[in-house]
>>> print(open('work08.cif').read())   # mmCIF, C-alpha atoms and all ligand atoms
data_run
#
loop_
_atom_site.label_atom_id
_atom_site.label_comp_id
_atom_site.auth_asym_id
_atom_site.auth_seq_id
_atom_site.Cartn_x
_atom_site.Cartn_y
_atom_site.Cartn_z
CA MET A 1 9.46 -35.52 102.68
CA ARG A 2 11.92 -36.24 105.48
CA ASP A 3 11.30 -39.96 105.02
CA GLU A 4 11.97 -39.59 101.32
CA VAL A 5 15.30 -37.91 101.98
CA GLU A 6 16.30 -40.51 104.52
CA LYS A 7 15.39 -43.32 102.18
CA TRP A 8 17.38 -41.65 99.43
CA ALA A 9 20.36 -41.33 101.74
CA ARG A 10 20.14 -44.98 102.70
CA GLU A 11 19.89 -46.26 99.15
CA PRO A 12 21.22 -43.58 96.82
CA MET A 13 21.36 -45.96 93.86
CA ASP A 14 17.88 -47.35 94.17
CA TRP A 15 16.76 -45.51 91.05
CA MET A 16 19.36 -47.37 89.04
CA LYS A 17 18.07 -50.71 90.08
CA ARG A 18 14.50 -49.65 89.34
CA GLU A 19 15.41 -48.46 85.85
CA LEU A 20 17.40 -51.61 85.15
CA ASP A 21 14.47 -53.77 86.23
CA GLY A 22 12.34 -51.76 83.83
CA LEU A 23 14.77 -52.49 81.01
CA ALA A 24 14.84 -56.18 81.89
CA ASN A 25 11.03 -56.28 81.75
CA CYS A 26 11.10 -54.99 78.17
CA SER A 27 13.86 -57.43 77.10
CA LEU A 28 16.17 -54.45 76.81
CA GLU A 29 18.75 -55.20 79.47
CA ARG A 30 22.23 -55.90 78.16
CA SER A 31 24.88 -57.96 79.84
CA LEU A 32 28.48 -58.89 79.26
CA ARG A 33 29.17 -62.44 78.20
CA ASN A 34 32.44 -64.24 77.75
CA SER A 35 33.38 -65.08 74.17
CA ALA A 36 36.74 -66.76 73.85
CA PRO A 37 38.46 -66.83 70.48
CA VAL A 38 39.36 -70.12 68.84
CA ALA A 39 43.08 -69.76 68.17
CA LEU A 40 43.71 -69.02 64.48
CA HIS A 41 40.05 -69.68 63.58
CA PRO A 42 38.28 -66.32 63.49
CA SER A 43 35.07 -67.84 62.13
CA TYR A 44 34.36 -69.45 65.50
CA ILE A 45 34.04 -68.35 69.10
CA ILE A 46 33.61 -70.30 72.31
CA ARG A 47 30.81 -69.54 74.75
CA GLY A 48 30.58 -71.71 77.82
CA GLN A 49 31.25 -75.24 76.60
CA GLN A 50 30.04 -74.54 73.10
CA GLN A 51 31.86 -73.64 69.90
CA LEU A 52 29.72 -71.28 67.83
CA LEU A 53 29.87 -70.16 64.22
CA ASN A 54 30.65 -66.47 64.59
CA LEU A 55 28.12 -64.44 62.60
CA ALA A 56 28.36 -61.55 65.03
CA SER A 57 31.79 -59.95 64.83
CA ASN A 58 33.11 -57.28 62.47
CA ASP A 59 36.21 -59.23 61.51
CA TYR A 60 35.18 -59.00 57.86
CA LEU A 61 38.45 -60.10 56.31
CA GLY A 62 39.23 -62.68 58.99
CA LEU A 63 42.45 -60.95 60.02
CA SER A 64 41.97 -60.89 63.80
CA GLN A 65 43.93 -64.12 64.24
CA HIS A 66 46.41 -63.71 61.40
CA PRO A 67 49.87 -65.11 62.25
CA LEU A 68 51.76 -62.33 60.43
CA ILE A 69 49.97 -59.65 62.43
CA ILE A 70 50.52 -61.50 65.68
CA GLU A 71 54.20 -61.93 64.81
CA ALA A 72 54.64 -58.24 63.95
CA MET A 73 53.07 -57.30 67.26
CA SER A 74 55.14 -59.67 69.36
CA LYS A 75 58.39 -58.69 67.64
CA SER A 76 57.74 -55.02 68.20
CA LEU A 77 57.11 -55.57 71.91
CA SER A 78 60.71 -56.51 72.56
CA ILE A 79 61.95 -53.46 70.63
CA VAL A 80 59.58 -50.65 71.54
CA GLY A 81 58.15 -51.96 74.79
CA ALA A 82 54.65 -52.21 76.15
CA GLY A 83 53.16 -48.76 76.55
CA ALA A 84 53.58 -45.37 74.87
CA GLY A 85 53.89 -43.57 78.19
CA ALA A 86 52.27 -40.30 77.13
CA SER A 87 50.10 -38.52 74.62
CA ARG A 88 51.47 -38.15 71.11
CA LEU A 89 51.99 -34.45 71.74
CA VAL A 90 54.21 -35.21 74.69
CA THR A 91 56.55 -38.20 74.21
CA GLY A 92 54.23 -40.88 72.85
CA ASN A 93 54.79 -40.12 69.17
CA TYR A 94 57.20 -42.92 68.25
CA PRO A 95 58.29 -43.17 64.59
CA LEU A 96 55.91 -46.03 63.74
CA PHE A 97 53.07 -43.50 63.80
CA GLU A 98 54.55 -41.41 61.04
CA HIS A 99 55.34 -44.50 59.04
CA LEU A 100 51.72 -45.63 59.26
CA GLU A 101 50.31 -42.18 58.51
CA VAL A 102 52.44 -41.79 55.40
CA GLU A 103 51.20 -45.16 54.15
CA LEU A 104 47.58 -44.35 54.91
CA ALA A 105 47.72 -41.03 53.07
CA ALA A 106 49.32 -42.70 50.03
CA TRP A 107 46.75 -45.52 50.09
CA HIS A 108 43.89 -43.02 50.07
CA GLU A 109 45.61 -40.63 47.68
CA ARG A 110 45.21 -37.78 50.13
CA GLU A 111 47.72 -35.28 51.46
CA ALA A 112 47.74 -36.47 55.03
CA ALA A 113 46.41 -38.92 57.60
CA LEU A 114 46.16 -38.98 61.38
CA VAL A 115 45.79 -42.01 63.65
CA PHE A 116 43.38 -41.97 66.60
CA ALA A 117 43.04 -44.47 69.45
CA ASN A 118 39.71 -45.80 68.18
CA GLY A 119 36.74 -44.90 66.03
CA TYR A 120 34.65 -43.69 68.92
CA MET A 121 37.30 -41.20 69.99
CA ALA A 122 37.97 -40.13 66.41
CA ASN A 123 34.33 -39.31 65.66
CA SER A 124 33.47 -37.80 69.01
CA GLY A 125 36.68 -35.76 68.94
CA ILE A 126 36.80 -34.60 65.33
CA ILE A 127 33.30 -33.23 64.90
CA ARG A 128 33.62 -30.78 67.77
CA THR A 129 36.74 -29.33 66.17
CA LEU A 130 34.85 -28.64 62.94
CA VAL A 131 31.72 -26.99 64.27
CA GLY A 132 30.66 -25.23 67.45
CA ARG A 133 27.84 -23.23 68.97
CA GLY A 134 25.93 -21.40 66.25
CA ASP A 135 26.99 -23.83 63.50
CA VAL A 136 25.01 -26.77 62.16
CA VAL A 137 25.59 -30.47 61.53
CA PHE A 138 23.42 -32.42 59.09
CA SER A 139 23.51 -36.04 60.17
CA ASP A 140 21.76 -39.16 58.90
CA GLN A 141 19.30 -40.45 61.43
CA LEU A 142 21.03 -43.86 61.46
CA ASN A 143 24.59 -42.60 61.91
CA HIS A 144 26.77 -44.33 64.48
CA ALA A 145 26.47 -43.28 68.14
CA SER A 146 30.04 -41.91 68.16
CA ILE A 147 28.99 -39.38 65.50
CA VAL A 148 25.93 -38.39 67.50
CA ASP A 149 28.09 -37.90 70.60
CA GLY A 150 30.52 -35.75 68.60
CA ILE A 151 27.63 -33.55 67.52
CA VAL A 152 26.31 -33.22 71.06
CA LEU A 153 29.79 -32.29 72.35
CA SER A 154 30.16 -29.67 69.59
CA ARG A 155 27.02 -27.79 70.78
CA ALA A 156 26.19 -27.10 67.14
CA ASP A 157 22.60 -27.41 65.94
CA HIS A 158 21.82 -31.03 65.13
CA ALA A 159 19.81 -31.31 61.91
CA ARG A 160 18.97 -35.01 61.61
CA TYR A 161 17.73 -36.08 58.22
CA ARG A 162 15.70 -39.20 57.54
CA HIS A 163 17.83 -42.14 56.60
CA ASN A 164 19.39 -41.61 53.16
CA ASP A 165 16.62 -39.13 52.33
CA MET A 166 18.31 -36.50 50.16
CA LYS A 167 15.09 -34.53 49.71
CA HIS A 168 14.83 -34.14 53.46
CA LEU A 169 18.51 -33.20 53.72
CA GLU A 170 18.04 -30.56 51.05
CA THR A 171 15.07 -29.09 52.92
CA LEU A 172 17.24 -28.81 56.02
CA LEU A 173 20.18 -27.34 54.09
CA GLU A 174 17.80 -24.75 52.69
CA LYS A 175 16.50 -23.96 56.16
CA TYR A 176 20.03 -23.39 57.48
CA ARG A 177 21.34 -21.77 54.29
CA HIS A 178 22.34 -18.61 56.16
CA LYS A 179 24.72 -20.48 58.50
CA GLU A 180 28.36 -20.02 57.72
CA ARG A 181 29.81 -23.31 58.94
CA LYS A 182 27.93 -26.44 57.94
CA LEU A 183 28.96 -30.05 58.20
CA ILE A 184 27.27 -33.04 56.58
CA VAL A 185 28.21 -36.35 58.16
CA THR A 186 27.32 -39.90 57.21
CA ASP A 187 28.33 -43.53 57.59
CA ALA A 188 29.41 -44.94 54.21
CA ILE A 189 27.89 -48.32 55.08
CA PHE A 190 25.36 -48.19 57.90
CA SER A 191 26.39 -50.41 60.75
CA MET A 192 23.02 -51.91 61.67
CA ASP A 193 21.42 -51.99 58.22
CA GLY A 194 24.31 -52.72 55.89
CA ASP A 195 23.10 -50.31 53.22
CA GLN A 196 25.10 -47.55 51.50
CA ALA A 197 24.86 -43.80 51.79
CA PRO A 198 24.16 -42.01 48.48
CA LEU A 199 27.65 -40.51 48.47
CA GLN A 200 27.53 -38.94 45.01
CA GLU A 201 24.35 -37.08 45.87
CA LEU A 202 25.84 -35.96 49.16
CA ILE A 203 28.79 -34.49 47.31
CA ALA A 204 26.52 -32.60 44.93
CA LEU A 205 24.60 -31.17 47.91
CA LYS A 206 27.68 -30.27 49.92
CA ARG A 207 28.98 -28.33 46.89
CA GLU A 208 25.72 -26.57 46.28
CA TYR A 209 25.35 -25.45 49.88
CA GLY A 210 29.02 -24.89 50.73
CA ALA A 211 29.15 -27.51 53.48
CA LEU A 212 31.97 -29.79 54.62
CA LEU A 213 31.43 -33.53 54.13
CA MET A 214 32.64 -36.15 56.59
CA VAL A 215 32.32 -39.86 55.75
CA ASP A 216 32.75 -42.68 58.26
CA GLU A 217 34.15 -45.74 56.48
CA ALA A 218 34.26 -48.00 59.56
CA HIS A 219 32.38 -50.76 57.71
CA SER A 220 33.77 -50.16 54.22
CA SER A 221 37.47 -49.47 54.65
CA GLY A 222 39.30 -52.69 53.72
CA ILE A 223 36.28 -54.06 51.87
CA TYR A 224 35.60 -51.85 48.85
CA SER A 225 37.84 -50.82 45.95
CA GLU A 226 40.81 -52.60 44.38
CA ARG A 227 43.14 -52.43 47.38
CA GLY A 228 40.50 -52.01 50.06
CA GLU A 229 40.63 -48.21 50.10
CA GLY A 230 36.92 -48.02 50.86
CA LEU A 231 33.66 -46.95 49.29
CA CYS A 232 34.61 -43.33 48.50
CA HIS A 233 37.59 -44.60 46.59
CA ALA A 234 35.56 -47.28 44.81
CA LEU A 235 33.19 -44.56 43.60
CA GLY A 236 36.09 -42.31 42.59
CA ILE A 237 34.93 -39.49 44.85
CA HIS A 238 37.58 -39.70 47.57
CA HIS A 239 39.06 -36.33 46.60
CA ASP A 240 35.71 -34.65 47.20
CA VAL A 241 35.31 -35.91 50.76
CA ASP A 242 36.72 -33.35 53.18
CA ILE A 243 37.07 -35.63 56.19
CA MET A 244 37.31 -39.37 55.62
CA MET A 245 37.44 -41.54 58.68
CA GLY A 246 38.14 -45.27 58.93
CA THR A 247 38.91 -47.78 61.66
CA PHE A 248 41.33 -50.63 62.26
CA SER A 249 38.83 -52.37 64.50
CA LYS A 250 36.76 -54.07 61.83
CA SER A 251 38.30 -55.24 58.53
CA PHE A 252 41.79 -54.80 59.92
CA GLY A 253 41.00 -57.19 62.76
CA LEU A 254 42.77 -54.98 65.26
CA TYR A 255 42.15 -51.67 67.05
CA GLY A 256 42.49 -47.98 66.30
CA ALA A 257 41.20 -45.45 63.77
CA TYR A 258 42.39 -42.83 61.31
CA VAL A 259 41.38 -39.74 59.42
CA CYS A 260 42.45 -38.78 55.90
CA GLY A 261 42.23 -35.40 54.24
CA SER A 262 44.19 -32.24 53.58
CA ARG A 263 47.39 -31.24 55.37
CA THR A 264 45.49 -28.34 56.89
CA LEU A 265 42.87 -30.69 58.31
CA VAL A 266 45.50 -32.85 60.00
CA ARG A 267 47.35 -29.80 61.31
CA TRP A 268 44.04 -28.52 62.71
CA LEU A 269 43.24 -31.84 64.40
CA VAL A 270 46.70 -32.09 65.98
CA ASN A 271 46.02 -28.71 67.57
CA LYS A 272 42.37 -29.14 68.45
CA ALA A 273 41.24 -32.77 68.76
CA ARG A 274 40.98 -33.43 72.48
CA PRO A 275 41.08 -37.26 72.32
CA LEU A 276 44.42 -36.94 70.55
CA ILE A 277 45.81 -34.28 72.85
CA TYR A 278 44.57 -35.48 76.23
CA SER A 279 44.87 -39.23 75.88
CA THR A 280 47.84 -41.57 75.83
CA ALA A 281 49.06 -42.78 72.43
CA LEU A 282 48.20 -46.32 71.35
CA PRO A 283 50.75 -48.93 72.44
CA PRO A 284 53.47 -49.21 69.77
CA SER A 285 52.80 -52.91 69.23
CA ILE A 286 49.31 -52.04 67.98
CA ILE A 287 50.78 -49.75 65.33
CA ALA A 288 53.20 -52.50 64.28
CA GLY A 289 50.22 -54.84 63.98
CA ILE A 290 48.22 -52.29 61.98
CA LEU A 291 51.11 -51.91 59.52
CA ALA A 292 51.19 -55.69 59.01
CA SER A 293 47.42 -55.77 58.68
CA LEU A 294 47.43 -52.88 56.18
CA SER A 295 49.79 -54.75 53.93
CA LEU A 296 47.52 -57.83 54.02
CA VAL A 297 44.42 -55.70 53.42
CA GLN A 298 46.03 -54.11 50.37
CA SER A 299 47.47 -57.25 48.81
CA GLU A 300 45.19 -60.18 49.65
CA HIS A 301 42.43 -59.51 47.15
CA TRP A 302 41.00 -62.98 47.65
CA ARG A 303 39.67 -61.91 51.03
CA ARG A 304 37.52 -59.17 49.50
CA GLN A 305 36.36 -61.49 46.73
CA GLN A 306 35.48 -64.25 49.17
CA LEU A 307 33.69 -61.83 51.48
CA ASN A 308 31.66 -60.50 48.59
CA ALA A 309 30.82 -64.01 47.34
CA ASN A 310 29.76 -64.98 50.88
CA SER A 311 27.56 -61.91 51.21
CA VAL A 312 25.81 -62.59 47.90
CA LEU A 313 25.35 -66.27 48.71
CA PHE A 314 24.09 -65.78 52.26
CA ARG A 315 21.60 -63.14 51.13
CA SER A 316 20.29 -65.47 48.43
CA PHE A 317 19.94 -68.40 50.88
CA LEU A 318 17.87 -66.27 53.23
CA ARG A 319 15.74 -64.87 50.41
CA GLU A 320 15.06 -68.36 49.05
CA GLY A 321 13.96 -69.31 52.56
CA GLY A 322 11.34 -66.56 52.48
CA TYR A 323 13.07 -63.71 54.29
CA VAL A 324 12.87 -60.17 52.99
CA ILE A 325 16.48 -59.00 52.96
CA GLY A 326 17.42 -55.41 52.22
CA GLU A 327 19.38 -54.38 49.15
CA GLY A 328 23.13 -53.97 49.14
CA ASP A 329 26.26 -56.04 48.91
CA SER A 330 27.83 -55.35 52.29
CA PRO A 331 28.68 -58.12 54.77
CA ILE A 332 26.10 -56.73 57.22
CA ILE A 333 22.76 -58.47 56.85
CA PRO A 334 19.96 -57.52 59.22
CA LEU A 335 16.90 -59.66 59.81
CA ILE A 336 14.30 -57.21 61.05
CA ILE A 337 12.04 -58.82 63.63
CA GLY A 338 10.43 -55.83 65.33
CA ASP A 339 9.62 -57.16 68.74
CA ASN A 340 12.46 -56.96 71.30
CA ASP A 341 11.62 -60.15 73.11
CA LYS A 342 11.23 -62.14 69.92
CA ALA A 343 14.58 -60.88 68.64
CA LEU A 344 16.15 -62.00 71.89
CA ARG A 345 14.52 -65.42 71.70
CA PHE A 346 15.66 -65.72 68.09
CA SER A 347 19.27 -65.13 69.06
CA GLU A 348 19.00 -67.61 71.95
CA ALA A 349 17.58 -70.23 69.61
CA LEU A 350 20.45 -69.59 67.19
CA GLU A 351 22.96 -70.07 69.96
CA GLU A 352 21.41 -73.39 70.94
CA LYS A 353 22.01 -74.49 67.36
CA GLY A 354 25.63 -73.36 67.37
CA ILE A 355 25.36 -69.89 65.83
CA ALA A 356 26.44 -66.61 67.43
CA ALA A 357 24.44 -63.62 66.20
CA VAL A 358 23.23 -60.79 68.38
CA ALA A 359 19.79 -59.34 68.88
CA ILE A 360 20.19 -55.62 68.28
CA ARG A 361 17.54 -53.63 70.13
CA PRO A 362 16.69 -50.01 70.84
CA PRO A 363 18.31 -47.61 71.46
CA THR A 364 20.95 -48.98 69.07
CA VAL A 365 18.21 -49.22 66.42
CA PRO A 366 14.88 -47.34 66.22
CA GLU A 367 11.96 -48.54 68.36
CA GLY A 368 10.06 -51.41 66.75
CA THR A 369 12.95 -52.52 64.52
CA ALA A 370 14.75 -54.98 66.81
CA ARG A 371 16.73 -57.33 64.65
CA ILE A 372 19.27 -60.06 64.34
CA ARG A 373 22.39 -58.64 62.77
CA PHE A 374 24.46 -61.12 60.82
CA SER A 375 27.91 -60.10 59.78
CA LEU A 376 30.00 -62.20 57.47
CA SER A 377 33.68 -62.83 57.09
CA ALA A 378 35.93 -63.86 54.22
CA VAL A 379 36.92 -66.91 56.24
CA HIS A 380 33.41 -68.37 56.55
CA GLY A 381 33.03 -71.50 54.45
CA GLN A 382 30.14 -71.59 52.00
CA GLN A 383 28.94 -74.94 53.37
CA GLU A 384 28.92 -73.43 56.88
CA LEU A 385 26.84 -70.53 55.62
CA ALA A 386 24.40 -72.83 53.81
CA GLU A 387 23.84 -74.83 56.99
CA ALA A 388 23.54 -71.68 59.07
CA ALA A 389 20.92 -70.30 56.67
CA GLU A 390 18.89 -73.52 57.01
CA THR A 391 18.92 -73.16 60.77
CA ILE A 392 17.94 -69.50 60.51
CA ILE A 393 15.00 -70.42 58.30
CA GLU A 394 13.85 -73.20 60.65
CA ILE A 395 13.96 -70.88 63.66
CA GLY A 396 12.14 -68.21 61.69
CA GLN A 397 9.30 -70.66 61.09
CA GLN A 398 9.21 -71.84 64.70
CA LEU A 399 9.06 -68.30 66.02
CA GLU A 400 6.63 -67.29 63.28
CA VAL A 401 8.93 -64.63 61.94
CA LEU A 402 8.45 -66.45 58.65
CA LYS A 403 5.13 -67.71 57.39
CA ARG A 404 5.18 -71.42 56.75
C1 LIG B 501 32.43 -49.41 65.07
C2 LIG B 501 32.16 -48.06 64.56
C3 LIG B 501 32.82 -46.95 65.07
C4 LIG B 501 33.71 -47.04 66.29
O1 LIG B 501 34.91 -47.63 66.01
P1 LIG B 501 35.78 -48.28 67.18
O2 LIG B 501 37.15 -48.29 66.61
O3 LIG B 501 35.22 -49.63 67.43
O4 LIG B 501 35.68 -47.38 68.36
C5 LIG B 501 32.60 -45.73 64.46
N1 LIG B 501 31.75 -45.62 63.42
C6 LIG B 501 31.07 -46.66 62.93
C7 LIG B 501 30.15 -46.48 61.78
C8 LIG B 501 31.24 -47.92 63.50
O5 LIG B 501 30.54 -48.95 63.05
#
>>> encode(input="work08.cif", output="structure tokens", more="lines below")
Ligand SMILES: *Cc1c(COP(=O)(O)O)cnc(C)c1O
Amino acid sequence: MRDEVEKWAREPMDWMKRELDGLANCSLERSLRNSAPVALHPSYIIRGQQQLLNLASNDYLGLSQHPLIIEAMSKSLSIVGAGAGASRLVTGNYPLFEHLEVELAAWHEREAALVFANGYMANSGIIRTLVGRGDVVFSDQLNHASIVDGIVLSRADHARYRHNDMKHLETLLEKYRHKERKLIVTDAIFSMDGDQAPLQELIALKREYGALLMVDEAHSSGIYSERGEGLCHALGIHHDVDIMMGTFSKSFGLYGAYVCGSRTLVRWLVNKARPLIYSTALPPSIIAGILASLSLVQSEHWRRQQLNANSVLFRSFLREGGYVIGEGDSPIIPLIIGDNDKALRFSEALEEKGIAAVAIRPPTVPEGTARIRFSLSAVHGQQELAEAAETIIEIGQQLEVLKR
């Protein structure tokens, strides 16, 4: 016992190393790798000496290197300076914020909008303002980790329903019928599967059971509907969604997040959302960049059309090559492999052939569903995608993911 304590005192972090070695043994250790951008060419990245076709980022509209956004950001630096200096509730609330929030609310045809520092902080901060101990959150089993963390922080009961399974959700709603405050929360497009939530059915259920509905449009804002308003808007149900959340980190090619809804909701969040209250406002230059990006998102329809054409084409190439590819029209295309080690080897083989795509493993996805996640961009060329698909099919045969 004494020896144990002494050993512990000598090497208090030994357990960490042991657990990490365990992860490494199951091909589950993660590590940080350098990926340098290729100036003005968002469809490529540089790793080591190699230029890779980037099928791994979430820069769906190819805006991350856009000269107008870069210009707006650099211009604003000389006017508003580098940092905000304080939380928005203190002195960090420079006028660009209001400007952006007015535009966001108009774009989504909602009363009000509120900008957050990023999607993770928005989700983890918002949910705990909506429900607390004794309440209940109904959450799709495949929802993003930031939603799960928000639920945990809220201390509400966590009723997870099977992915997109409305029957299961209804059973749970029935079970918790007596609860006063209920929240249903879902991704609009699921980040690791690329499929859509059944939003119309969710609205019918939220009405029937008197629940609030929160929709995370991180992977659909900018992509769906005429001016990129998102999936709720494309389906014409945006007025029925109580809390709509989107990010500027994916289609917008930048950083940050926002919430749209009623004036009361925004007033509530300003008073209660801890990531907004207790964290410094985004640097002003980011907001200037987001405004420039928003205007491109709204007006450059060709980006959405090209992205959609690329998604359809890439899916059909992979299907022709013998892969079973899930339904949907989103730019997220998973290749389910199952085995962690094989998924890792697949991604290494892709990299050797000049393609960047990550092996997504548990706990990001359920056990036994390790996968390669391809994500497309409007700026990928169709010839590039055709060649990439050929490589992906060849590797699939070599690794016996595909039958010959
Ligand atoms: C990426 C993502 C987030 C987090 O957004 P960040 O701005 O990157 O923090 C939240 N929800 C979903 C569904 C996401 O995919």
>>> residues_around(input="work08.cif", residues="segment 36-44 of chain A", least_positions_apart="4", cutoff="6 Å", atoms="only C-alpha atoms", output="list in words")
Leu52, Leu53, Asn54, Gly62, Gln65 and His380 of chain A
>>> write_last_selection(input="work08.cif", atoms="C-alpha atoms", output="PDB file, keeping the file's coordinate frame")
ATOM      1  CA  LEU A  52      29.720 -71.280  67.830  1.00  0.00           C
ATOM      2  CA  LEU A  53      29.870 -70.160  64.220  1.00  0.00           C
ATOM      3  CA  ASN A  54      30.650 -66.470  64.590  1.00  0.00           C
ATOM      4  CA  GLY A  62      39.230 -62.680  58.990  1.00  0.00           C
ATOM      5  CA  GLN A  65      43.930 -64.120  64.240  1.00  0.00           C
ATOM      6  CA  HIS A 380      33.410 -68.370  56.550  1.00  0.00           C
TER       7      HIS A 380
END
>>> closest_residue(input="work08.cif", among="A:Ala9, A:Ala188, A:Leu32, A:Met244", to="ligand LIG 501 (chain B)", atoms="all atoms listed in the file")
A:Ala188
>>> closest_atom_pairs(input="work08.cif", of="segment 128-218 of chain A", to="segment 258-273 of chain A", cutoff="10 Å", atoms="only C-alpha atoms", output="CSV")
residue,atom,partner,partner_atom,distance
A:Arg128,CA,A:Ala273,CA,7.9
A:Thr129,CA,A:Lys272,CA,6.1
A:Leu130,CA,A:Leu269,CA,9.1
A:Met214,CA,A:Val259,CA,9.9
A:Val215,CA,A:Val259,CA,9.8
A:Asp216,CA,A:Val259,CA,9.2
A:Glu217,CA,A:Val259,CA,9.8
A:Ala218,CA,A:Tyr258,CA,9.8
>>> closest_atom_pairs(input="work08.cif", of="chain A", to="ligand LIG 501 (chain B)", cutoff="10 Å", atoms="only C-alpha atoms and all ligand atoms", output="tab-separated table")
residue	atom	partner	partner_atom	distance
A:Asn58	CA	B:LIG501	C1	8.3
A:Phe116	CA	B:LIG501	O2	8.9
A:Ala117	CA	B:LIG501	O2	7.6
A:Asn118	CA	B:LIG501	O2	3.9
A:Gly119	CA	B:LIG501	O1	3.3
A:Tyr120	CA	B:LIG501	O4	3.9
A:Met121	CA	B:LIG501	O4	6.6
A:Ala122	CA	B:LIG501	O4	7.8
A:Asn123	CA	B:LIG501	C5	6.8
A:Ser124	CA	B:LIG501	C5	9.2
A:Leu142	CA	B:LIG501	C7	9.5
A:Asn143	CA	B:LIG501	C7	6.8
A:His144	CA	B:LIG501	C7	4.8
A:Ala145	CA	B:LIG501	N1	7.5
A:Ser146	CA	B:LIG501	C5	5.9
A:Ile147	CA	B:LIG501	N1	7.1
A:Thr186	CA	B:LIG501	C7	8.5
A:Asp187	CA	B:LIG501	C7	5.4
A:Ala188	CA	B:LIG501	C7	7.8
A:Ile189	CA	B:LIG501	C7	7.3
A:Phe190	CA	B:LIG501	C7	6.4
A:Ser191	CA	B:LIG501	O5	5.0
A:Met192	CA	B:LIG501	O5	8.2
A:Val215	CA	B:LIG501	C7	9.2
A:Asp216	CA	B:LIG501	C7	5.8
A:Glu217	CA	B:LIG501	C7	6.7
A:Ala218	CA	B:LIG501	C6	4.8
A:His219	CA	B:LIG501	O5	5.9
A:Ser220	CA	B:LIG501	C7	9.2
A:Met245	CA	B:LIG501	N1	8.5
A:Gly246	CA	B:LIG501	N1	7.8
A:Thr247	CA	B:LIG501	O2	5.3
A:Phe248	CA	B:LIG501	O2	6.5
A:Ser249	CA	B:LIG501	O2	4.9
A:Lys250	CA	B:LIG501	C1	7.1
A:Leu254	CA	B:LIG501	O2	8.8
A:Tyr255	CA	B:LIG501	O2	6.1
A:Gly256	CA	B:LIG501	O2	5.4
A:Ala257	CA	B:LIG501	O2	5.7
A:Tyr258	CA	B:LIG501	O2	9.2
>>> closest_residue(input="work08.cif", among="A:Ala288, A:Met16, A:Val137, A:Ile372", to="Arg155 of chain A", atoms="only C-alpha atoms")
A:Val137
>>> residues_around(input="work08.cif", residues="Gly134 of chain A", least_positions_apart="3", cutoff="8 Å", atoms="all atoms listed in the file", output="MDAnalysis selection string")
chainID A and resid 155:157 179
>>> closest_residue(input="work08.cif", among="A:Arg227, A:His66, A:Arg2, A:Arg10", to="Ser293 of chain A", atoms="only C-alpha atoms")
A:His66
>>> closest_residue(input="work08.cif", among="A:Val379, A:Asn93, A:Ala356, A:Leu296", to="Ile277 of chain A", atoms="all atoms listed in the file")
A:Asn93
>>> atom_distance(input="work08.cif", atom1="atom CA of Gly322 of chain A", atom2="atom CA of Glu394 of chain A")
10.8 Å
>>> atom_distance(input="work08.cif", atom1="atom CA of Ala389 of chain A", atom2="atom CA of Ala56 of chain A")
14.2 Å
>>> residues_around(input="work08.cif", residues="Leu235 of chain A", least_positions_apart="4", cutoff="12 Å", atoms="all atoms listed in the file", output="ChimeraX atom specification")
/A:188,196-201,203,224-226,229-231,239-241
>>> residues_around(input="work08.cif", residues="Tyr176 of chain A", least_positions_apart="5", cutoff="12 Å", atoms="all atoms listed in the file", output="list in words")
Gly134, Asp135, Val136, Val137, Phe138, Asp157, His158, Ala159, Leu169, Glu170, Thr171, Arg181, Lys182, Leu183, Tyr209, Gly210 and Ala211 of chain A
>>> residues_around(input="work08.cif", residues="Phe346 of chain A", least_positions_apart="6", cutoff="9 Å", atoms="only C-alpha atoms", output="MDAnalysis selection string")
chainID A and resid 337 359 372 392 395:396 399
>>> residues_near_point(input="work08.cif", point="(27.0, -73.9, 66.3)", cutoff="7 Å", atoms="all atoms listed in the file", output="MDAnalysis selection string")
chainID A and resid 51:53 351 353:355
>>> atom_distance(input="work08.cif", atom1="atom CA of Pro12 of chain A", atom2="atom CA of Cys26 of chain A")
24.1 Å
